[in-house]
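So this block is start_16.cif, mmCIF, C-alpha atoms:
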```
data_query
loop_
_atom_site.label_atom_id
_atom_site.label_comp_id
_atom_site.auth_asym_id
_atom_site.auth_seq_id
_atom_site.Cartn_x
_atom_site.Cartn_y
_atom_site.Cartn_z
CA MET A 1 11.46 -5.34 -22.11
CA LYS A 2 12.94 -2.83 -19.63
CA ILE A 3 12.22 -3.53 -15.97
CA ASP A 4 11.88 -0.40 -13.85
CA ARG A 5 14.24 -0.71 -10.90
CA ASN A 6 12.37 1.84 -8.79
CA LEU A 7 9.20 -0.07 -8.01
CA ASN A 8 6.89 1.03 -5.22
CA LEU A 9 3.94 -0.85 -3.74
CA VAL A 10 0.36 0.36 -3.74
CA SER A 11 -1.89 -1.65 -1.45
CA THR A 12 -5.65 -1.18 -1.34
CA ILE A 13 -7.88 -1.09 1.73
CA ASN A 14 -11.53 -1.81 0.93
CA ARG A 15 -13.74 -0.24 3.56
CA ASP A 16 -17.14 -1.53 4.64
CA ASP A 17 -18.84 1.50 3.05
CA GLY A 18 -17.32 0.63 -0.34
CA SER A 19 -14.73 3.42 -0.30
CA LEU A 20 -11.08 2.74 -1.05
CA VAL A 21 -7.93 3.88 0.70
CA TYR A 22 -4.53 3.33 -0.89
CA LEU A 23 -1.18 2.90 0.82
CA HIS A 24 1.81 3.91 -1.30
CA ILE A 25 5.01 2.36 0.02
CA VAL A 26 8.53 3.29 -1.08
CA PRO A 27 11.38 0.75 -0.63
CA PHE A 28 14.03 1.17 2.07
CA PRO A 29 16.90 3.49 1.21
CA TYR A 30 20.27 1.80 0.77
CA GLU A 31 21.49 2.95 4.21
CA VAL A 32 18.64 1.13 5.99
CA VAL A 33 19.27 -2.03 3.96
CA GLU A 34 23.00 -1.90 4.72
CA GLU A 35 22.40 -1.41 8.45
CA ASN A 36 19.87 -4.27 8.63
CA CYS A 37 21.15 -6.58 5.89
CA VAL A 38 21.45 -9.71 8.06
CA LEU A 39 17.97 -9.32 9.55
CA LEU A 40 16.46 -8.58 6.12
CA GLY A 41 18.24 -11.58 4.59
CA ARG A 42 16.99 -13.89 7.34
CA MET A 43 13.43 -12.57 6.99
CA PHE A 44 13.49 -12.99 3.21
CA ASN A 45 14.71 -16.58 3.57
CA GLN A 46 12.03 -17.37 6.19
CA PHE A 47 9.27 -16.01 3.96
CA PHE A 48 9.98 -18.64 1.35
CA THR A 49 11.30 -21.56 3.42
CA GLN A 50 8.90 -21.44 6.38
CA VAL A 51 5.73 -19.88 4.99
CA GLY A 52 5.87 -19.73 1.19
CA SER A 53 5.09 -16.91 -1.22
CA VAL A 54 1.32 -17.36 -0.96
CA GLY A 55 1.10 -16.91 2.82
CA ALA A 56 4.10 -14.65 3.45
CA PRO A 57 2.37 -11.36 2.48
CA ARG A 58 -0.28 -12.03 5.15
CA VAL A 59 2.07 -12.93 8.02
CA ALA A 60 5.25 -10.97 7.22
CA ALA A 61 4.51 -8.20 9.73
CA MET A 62 3.83 -10.74 12.49
CA MET A 63 7.08 -12.52 11.66
CA LEU A 64 9.06 -9.26 11.81
CA ARG A 65 7.44 -8.25 15.11
CA GLN A 66 8.43 -11.63 16.61
CA VAL A 67 12.04 -11.18 15.53
CA LEU A 68 12.18 -7.61 16.88
CA LYS A 69 10.60 -8.70 20.18
CA ALA A 70 13.19 -11.47 20.56
CA GLN A 71 15.98 -8.95 19.86
CA GLN A 72 14.60 -6.61 22.52
CA GLU A 73 14.25 -9.41 25.08
CA SER A 74 17.84 -10.54 24.48
CA GLY A 75 19.14 -6.98 24.79
CA GLU A 76 20.38 -6.96 21.20
CA LEU A 77 17.92 -4.16 20.41
CA PRO A 78 17.50 -1.59 23.21
CA ALA A 79 13.89 -0.68 24.00
CA GLY A 80 12.80 2.53 22.32
CA THR A 81 15.24 2.12 19.42
CA PRO A 82 13.57 2.78 16.06
CA THR A 83 12.97 -0.46 14.16
CA LEU A 84 12.26 -1.55 10.61
CA ILE A 85 8.55 -1.30 11.47
CA ASP A 86 9.08 2.41 12.18
CA ASP A 87 10.98 2.83 8.90
CA ILE A 88 8.21 1.11 6.93
CA GLN A 89 5.59 3.37 8.48
CA ARG A 90 7.74 6.43 7.74
CA LEU A 91 8.00 5.40 4.07
CA THR A 92 4.23 4.86 3.70
CA SER A 93 1.78 7.45 2.39
CA VAL A 94 -1.99 7.17 2.65
CA ILE A 95 -4.12 8.26 -0.31
CA TYR A 96 -7.79 8.79 0.46
CA SER A 97 -10.80 10.53 -1.06
CA GLU A 98 -12.23 13.60 0.59
CA GLY A 99 -14.99 15.63 -1.00
CA GLY A 100 -14.49 13.92 -4.35
CA ALA A 101 -10.75 14.72 -4.49
CA TRP A 102 -7.86 12.45 -3.63
CA ARG A 103 -5.59 13.56 -0.78
CA GLN A 104 -2.20 12.27 0.30
CA ILE A 105 -0.89 12.21 3.86
CA PRO A 106 1.91 10.39 5.75
CA LEU A 107 0.77 7.24 7.57
CA GLU A 108 1.46 8.63 11.04
CA ALA A 109 -0.65 11.73 10.32
CA ALA A 110 -3.43 9.53 8.92
CA PHE A 111 -3.53 7.65 12.23
CA LYS A 112 -3.56 10.86 14.28
CA GLN A 113 -6.32 12.42 12.16
CA GLY A 114 -8.47 9.29 12.21
CA ILE A 115 -8.28 8.85 8.44
CA LEU A 116 -6.95 5.31 8.88
CA THR A 117 -7.43 3.02 11.85
CA PRO A 118 -4.75 0.63 13.16
CA GLU A 119 -7.12 -2.25 12.32
CA GLU A 120 -7.36 -1.13 8.68
CA TYR A 121 -3.58 -0.80 8.46
CA ARG A 122 -3.10 -4.22 10.04
CA GLU A 123 -5.03 -5.75 7.11
CA VAL A 124 -2.29 -4.71 4.67
CA GLU A 125 0.75 -4.32 6.94
CA GLY A 126 1.98 -7.81 6.09
CA GLU A 127 1.99 -6.92 2.40
CA ALA A 128 4.03 -3.80 3.19
CA VAL A 129 6.61 -5.76 5.21
CA PHE A 130 6.80 -8.51 2.58
CA PHE A 131 7.40 -5.93 -0.15
CA MET A 132 9.96 -3.95 1.85
CA VAL A 133 12.01 -6.96 2.93
CA SER A 134 11.82 -8.64 -0.47
CA SER A 135 12.69 -5.51 -2.45
CA ALA A 136 15.67 -4.93 -0.14
CA ILE A 137 17.10 -8.40 -0.80
CA GLN A 138 15.79 -9.48 -4.21
CA LYS A 139 17.54 -8.43 -7.42
CA ALA A 140 15.68 -5.51 -8.98
CA ASN A 141 14.84 -7.34 -12.21
CA LEU A 142 13.27 -10.22 -10.24
CA ILE A 143 10.95 -8.18 -8.00
CA ALA A 144 8.05 -7.87 -10.46
CA PRO A 145 7.97 -11.52 -11.61
CA THR A 146 8.39 -13.00 -8.11
CA VAL A 147 7.36 -10.64 -5.32
CA GLY A 148 4.90 -8.84 -7.59
CA ARG A 149 3.07 -12.07 -8.38
CA ALA A 150 2.62 -12.90 -4.69
CA LEU A 151 1.38 -9.37 -3.92
CA GLU A 152 -1.10 -9.42 -6.83
CA MET A 153 -3.06 -12.12 -4.99
CA TYR A 154 -3.73 -9.53 -2.29
CA SER A 155 -4.55 -6.69 -4.73
CA GLY A 156 -1.07 -5.23 -4.37
CA LEU A 157 0.23 -3.23 -7.32
CA LEU A 158 3.86 -2.56 -8.15
CA THR A 159 4.28 0.85 -9.75
CA SER A 160 7.10 3.19 -10.67
CA SER A 161 4.83 6.15 -9.88
CA SER A 162 5.51 8.36 -6.90
CA ALA A 163 2.71 8.74 -4.36
CA THR A 164 1.78 12.10 -5.86
CA ALA A 165 1.74 10.77 -9.43
CA TYR A 166 -0.33 7.76 -8.36
CA ARG A 167 -2.80 9.99 -6.49
CA ASP A 168 -3.12 12.25 -9.53
CA SER A 169 -3.85 9.23 -11.75
CA LEU A 170 -6.91 8.22 -9.72
CA PRO A 171 -10.36 9.15 -11.04
CA THR A 172 -12.07 11.98 -9.21
CA SER A 173 -15.74 12.12 -8.33
CA LYS A 174 -17.71 14.60 -10.33
CA THR A 175 -20.44 16.44 -8.52
CA GLU A 176 -23.78 16.08 -10.16
CA GLU A 177 -24.86 19.19 -11.92
CA THR A 178 -28.54 19.88 -12.01
CA THR A 179 -29.46 20.17 -15.62
CA GLN A 180 -33.02 21.01 -16.33
CA ILE A 181 -34.61 18.90 -18.97
CA PRO A 182 -37.07 20.93 -21.01
CA GLU A 183 -40.62 19.69 -20.88
CA ALA A 184 -41.85 18.10 -24.05
CA LEU A 185 -44.43 20.17 -25.84
CA PRO A 186 -47.66 18.36 -26.68
CA GLU A 187 -47.84 17.40 -30.28
CA ARG A 188 -50.94 17.18 -32.40
CA SER A 189 -51.95 13.60 -33.03
CA TYR A 190 -52.86 12.49 -36.52
CA ILE A 191 -54.21 9.14 -35.39
CA PRO A 192 -57.98 8.98 -36.00
CA SER A 193 -59.94 8.41 -32.89
#
```

Entire entry expressed as structure tokens:
Amino acid sequence: MKIDRNLNLVSTINRDDGSLVYLHIVPFPYEVVEENCVLLGRMFNQFFTQVGSVGAPRVAAMMLRQVLKAQQESGELPAGTPTLIDDIQRLTSVIYSEGGAWRQIPLEAAFKQGILTPEEYREVEGEAVFFMVSSAIQKANLIAPTVGRALEMYSGLLTSSSATAYRDSLPTSKTEETTQIPEALPERSYIPS
């Protein structure tokens, strides 16, 4: 079996009205991994030694924010410097339904246009961080059987599809066409009365 080395994460947000919004997340480019390799390695280790694979997808974003805050307080990371959180958001696309058709938009634009609220994003942000950190450190052929299994518990899906290809694979709503049903003509009854 060939394992695709270019796996992306699709995470689902279930809204109160029953509608779905998908986040399509692409792994960090090599340059980001190289620049942050020690931090990513520490985070990956903490996921499994301090929290475990079951809980890590829920708290990964909180863990990363704590590390970044400590770096800022110590002066290691100057305030206003872009962080891994910014990179993750930049690499995330939002796929949503509008008028029966699926649309795709960058995460930042989705926030600005009110398509996605920060509270909705917060529900799946941990999954995004867990995926990004793990896919940066884990060997490519081990991502699906290890990280993928943990993310499946939270309705995460690993896919080799681009955001556009994934969006195009989603079913579209068909508008109801008004078809007139012809009235039945009365038939003559042969039943004796």

ask   = What does the distance from CA of Leu107 (chain A) to CA of Gly75 (chain A) come to in Å, to one decimal?
value =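 About the pair CA of Leu107 (chain A) and CA of Gly75 (chain A): they are 28.9 Å apart.
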
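With only C-alpha atoms as the atoms that count, the minimum distance from Phe28 (chain A) to the choices A:Ser134, A:Thr49, A:Ser93, A:Ser169 is reached by A:Ser134.
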
Which neighbours of Thr172 (chain A) fall inside 9 Å, counting only C-alpha atoms, when residues of the same chain fewer than 2 positions from it are skipped, and could you give them as a short mmCIF file (atom, residue, chain, number, x, y, z; two decimals) with C-alpha atoms, in the frame of the given file?
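Output contents, as saved in result_38.cif:
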```cif
data_model
loop_
_atom_site.label_atom_id
_atom_site.label_comp_id
_atom_site.auth_asym_id
_atom_site.auth_seq_id
_atom_site.Cartn_x
_atom_site.Cartn_y
_atom_site.Cartn_z
CA SER A 97 -10.80 10.53 -1.06
CA GLY A 100 -14.49 13.92 -4.35
CA ALA A 101 -10.75 14.72 -4.49
CA TRP A 102 -7.86 12.45 -3.63
CA ASP A 168 -3.12 12.25 -9.53
CA LEU A 170 -6.91 8.22 -9.72
CA LYS A 174 -17.71 14.60 -10.33
#
```

Let me have the centre and edge lengths of the axis-aligned box enclosing all listed atoms of region 46-58 of chain A with 8 Å padding on every side, in Å to one decimal, as JSON.
```
{"center_x": 5.9, "center_y": -16.5, "center_z": 2.6, "size_x": 28.3, "size_y": 26.2, "size_z": 23.6}
```

message = Quick one: residues within 12 Å of region 140-145 of chain A, all atoms listed in the file, excluding same-chain residues fewer than 4 positions away - as an MDAnalysis selection string?
response = chainID A and resid 1:9 27 130:136 149:152 156:160

inquiry  = as a PyMOL selection string, please: the residues near region 81-88 of chain A (cut-off 9 Å, all atoms listed in the file, same-chain neighbours under 5 positions excluded).
reply    = chain A and resi 25-28+32+36+61+64-65+68+128-129+132

inquiry  = Can you measure CA of Gln66 (chain A) to CA of Gly52 (chain A) for me? One decimal in Å is fine.
reply    =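 Computing it gives 17.6 Å between the two atoms.
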
query = Which is closer to Met43 (chain A) than all the others in A:Lys139, A:Met63, A:Gly114, A:Glu31, using all atoms listed in the file?
reply =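 Going through A:Lys139, A:Met63, A:Gly114, A:Glu31 one by one, the smallest distance to Met43 (chain A) is for A:Met63.
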
message = Selection in question (the file shown): the PyMOL selection byres ((chain A and resi 55) around 12). Which residues does it include, as a PyMOL selection string?
response = chain A and resi 46-54+56-63+126-127+130+150-151+153-154

Minimum-distance residue to Ser19 (chain A), chosen among A:Glu35, A:Glu108, A:Glu98, A:Glu76 (using only C-alpha atoms) =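 Closest to Ser19 (chain A), using only C-alpha atoms: A:Glu98.
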
query = By how many Å are CA of Pro29 (chain A) and CA of Ser162 (chain A) apart?
reply = 14.8 Å

For region 92-103 of chain A, where the input has fewer atoms than it should, I would like all heavy atoms rebuilt and written as a PDB file, keeping the file's coordinate frame.
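Output saved as out13.pdb:
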```
ATOM      1  N   THR A  92       5.570   5.154   4.193  1.00  0.00           N
ATOM      2  CA  THR A  92       4.230   4.860   3.700  1.00  0.00           C
ATOM      3  C   THR A  92       3.372   6.120   3.672  1.00  0.00           C
ATOM      4  O   THR A  92       3.291   6.845   4.658  1.00  0.00           O
ATOM      5  CB  THR A  92       3.546   3.800   4.604  1.00  0.00           C
ATOM      6  OG1 THR A  92       4.354   2.613   4.602  1.00  0.00           O
ATOM      7  CG2 THR A  92       2.153   3.469   4.120  1.00  0.00           C
ATOM      8  N   SER A  93       2.740   6.346   2.534  1.00  0.00           N
ATOM      9  CA  SER A  93       1.780   7.450   2.390  1.00  0.00           C
ATOM     10  C   SER A  93       0.388   6.869   2.243  1.00  0.00           C
ATOM     11  O   SER A  93       0.207   5.794   1.667  1.00  0.00           O
ATOM     12  CB  SER A  93       2.085   8.270   1.127  1.00  0.00           C
ATOM     13  OG  SER A  93       3.333   8.904   1.235  1.00  0.00           O
ATOM     14  N   VAL A  94      -0.597   7.581   2.755  1.00  0.00           N
ATOM     15  CA  VAL A  94      -1.990   7.170   2.650  1.00  0.00           C
ATOM     16  C   VAL A  94      -2.666   8.097   1.639  1.00  0.00           C
ATOM     17  O   VAL A  94      -2.528   9.314   1.715  1.00  0.00           O
ATOM     18  CB  VAL A  94      -2.700   7.274   4.023  1.00  0.00           C
ATOM     19  CG1 VAL A  94      -4.183   6.954   3.899  1.00  0.00           C
ATOM     20  CG2 VAL A  94      -2.029   6.350   5.023  1.00  0.00           C
ATOM     21  N   ILE A  95      -3.381   7.496   0.705  1.00  0.00           N
ATOM     22  CA  ILE A  95      -4.120   8.260  -0.310  1.00  0.00           C
ATOM     23  C   ILE A  95      -5.593   7.945  -0.106  1.00  0.00           C
ATOM     24  O   ILE A  95      -5.991   6.779  -0.147  1.00  0.00           O
ATOM     25  CB  ILE A  95      -3.658   7.883  -1.733  1.00  0.00           C
ATOM     26  CG1 ILE A  95      -2.152   8.170  -1.886  1.00  0.00           C
ATOM     27  CG2 ILE A  95      -4.467   8.632  -2.783  1.00  0.00           C
ATOM     28  CD1 ILE A  95      -1.536   7.630  -3.159  1.00  0.00           C
ATOM     29  N   TYR A  96      -6.371   8.980   0.148  1.00  0.00           N
ATOM     30  CA  TYR A  96      -7.790   8.790   0.460  1.00  0.00           C
ATOM     31  C   TYR A  96      -8.608   9.867  -0.241  1.00  0.00           C
ATOM     32  O   TYR A  96      -8.102  10.918  -0.615  1.00  0.00           O
ATOM     33  CB  TYR A  96      -8.008   8.849   1.981  1.00  0.00           C
ATOM     34  CG  TYR A  96      -7.695  10.199   2.578  1.00  0.00           C
ATOM     35  CD1 TYR A  96      -8.714  11.106   2.869  1.00  0.00           C
ATOM     36  CD2 TYR A  96      -6.387  10.596   2.821  1.00  0.00           C
ATOM     37  CE1 TYR A  96      -8.435  12.351   3.396  1.00  0.00           C
ATOM     38  CE2 TYR A  96      -6.098  11.832   3.350  1.00  0.00           C
ATOM     39  CZ  TYR A  96      -7.121  12.714   3.634  1.00  0.00           C
ATOM     40  OH  TYR A  96      -6.838  13.953   4.142  1.00  0.00           O
ATOM     41  N   SER A  97      -9.896   9.587  -0.395  1.00  0.00           N
ATOM     42  CA  SER A  97     -10.800  10.530  -1.060  1.00  0.00           C
ATOM     43  C   SER A  97     -11.510  11.376  -0.016  1.00  0.00           C
ATOM     44  O   SER A  97     -12.005  10.858   0.986  1.00  0.00           O
ATOM     45  CB  SER A  97     -11.830   9.760  -1.895  1.00  0.00           C
ATOM     46  OG  SER A  97     -12.681  10.665  -2.554  1.00  0.00           O
ATOM     47  N   GLU A  98     -11.537  12.674  -0.291  1.00  0.00           N
ATOM     48  CA  GLU A  98     -12.230  13.600   0.590  1.00  0.00           C
ATOM     49  C   GLU A  98     -12.928  14.641  -0.280  1.00  0.00           C
ATOM     50  O   GLU A  98     -12.271  15.360  -1.034  1.00  0.00           O
ATOM     51  CB  GLU A  98     -11.231  14.285   1.536  1.00  0.00           C
ATOM     52  CG  GLU A  98     -11.871  15.256   2.499  1.00  0.00           C
ATOM     53  CD  GLU A  98     -10.834  15.884   3.411  1.00  0.00           C
ATOM     54  OE1 GLU A  98     -10.008  16.670   2.918  1.00  0.00           O
ATOM     55  OE2 GLU A  98     -10.868  15.566   4.611  1.00  0.00           O
ATOM     56  N   GLY A  99     -14.233  14.668  -0.202  1.00  0.00           N
ATOM     57  CA  GLY A  99     -14.990  15.630  -1.000  1.00  0.00           C
ATOM     58  C   GLY A  99     -14.828  15.438  -2.496  1.00  0.00           C
ATOM     59  O   GLY A  99     -14.853  16.410  -3.249  1.00  0.00           O
ATOM     60  N   GLY A 100     -14.619  14.206  -2.925  1.00  0.00           N
ATOM     61  CA  GLY A 100     -14.490  13.920  -4.350  1.00  0.00           C
ATOM     62  C   GLY A 100     -13.083  14.109  -4.900  1.00  0.00           C
ATOM     63  O   GLY A 100     -12.829  13.845  -6.066  1.00  0.00           O
ATOM     64  N   ALA A 101     -12.142  14.540  -4.058  1.00  0.00           N
ATOM     65  CA  ALA A 101     -10.750  14.720  -4.490  1.00  0.00           C
ATOM     66  C   ALA A 101      -9.848  13.806  -3.673  1.00  0.00           C
ATOM     67  O   ALA A 101     -10.113  13.528  -2.504  1.00  0.00           O
ATOM     68  CB  ALA A 101     -10.330  16.181  -4.286  1.00  0.00           C
ATOM     69  N   TRP A 102      -8.798  13.328  -4.304  1.00  0.00           N
ATOM     70  CA  TRP A 102      -7.860  12.450  -3.630  1.00  0.00           C
ATOM     71  C   TRP A 102      -6.823  13.281  -2.885  1.00  0.00           C
ATOM     72  O   TRP A 102      -6.277  14.243  -3.420  1.00  0.00           O
ATOM     73  CB  TRP A 102      -7.175  11.524  -4.633  1.00  0.00           C
ATOM     74  CG  TRP A 102      -8.125  10.521  -5.200  1.00  0.00           C
ATOM     75  CD1 TRP A 102      -8.752  10.583  -6.413  1.00  0.00           C
ATOM     76  CD2 TRP A 102      -8.584   9.330  -4.572  1.00  0.00           C
ATOM     77  NE1 TRP A 102      -9.563   9.490  -6.571  1.00  0.00           N
ATOM     78  CE2 TRP A 102      -9.487   8.699  -5.465  1.00  0.00           C
ATOM     79  CE3 TRP A 102      -8.317   8.726  -3.343  1.00  0.00           C
ATOM     80  CZ2 TRP A 102     -10.114   7.503  -5.157  1.00  0.00           C
ATOM     81  CZ3 TRP A 102      -8.950   7.528  -3.044  1.00  0.00           C
ATOM     82  CH2 TRP A 102      -9.841   6.921  -3.943  1.00  0.00           C
ATOM     83  N   ARG A 103      -6.560  12.893  -1.640  1.00  0.00           N
ATOM     84  CA  ARG A 103      -5.590  13.560  -0.780  1.00  0.00           C
ATOM     85  C   ARG A 103      -4.493  12.561  -0.412  1.00  0.00           C
ATOM     86  O   ARG A 103      -4.726  11.359  -0.379  1.00  0.00           O
ATOM     87  CB  ARG A 103      -6.245  14.059   0.509  1.00  0.00           C
ATOM     88  CG  ARG A 103      -7.484  14.889   0.291  1.00  0.00           C
ATOM     89  CD  ARG A 103      -7.139  16.344   0.138  1.00  0.00           C
ATOM     90  NE  ARG A 103      -8.363  17.130   0.034  1.00  0.00           N
ATOM     91  CZ  ARG A 103      -8.659  17.876  -1.001  1.00  0.00           C
ATOM     92  NH1 ARG A 103      -7.847  17.957  -2.021  1.00  0.00           N
ATOM     93  NH2 ARG A 103      -9.780  18.564  -1.032  1.00  0.00           N
TER      94      ARG A 103
END
```
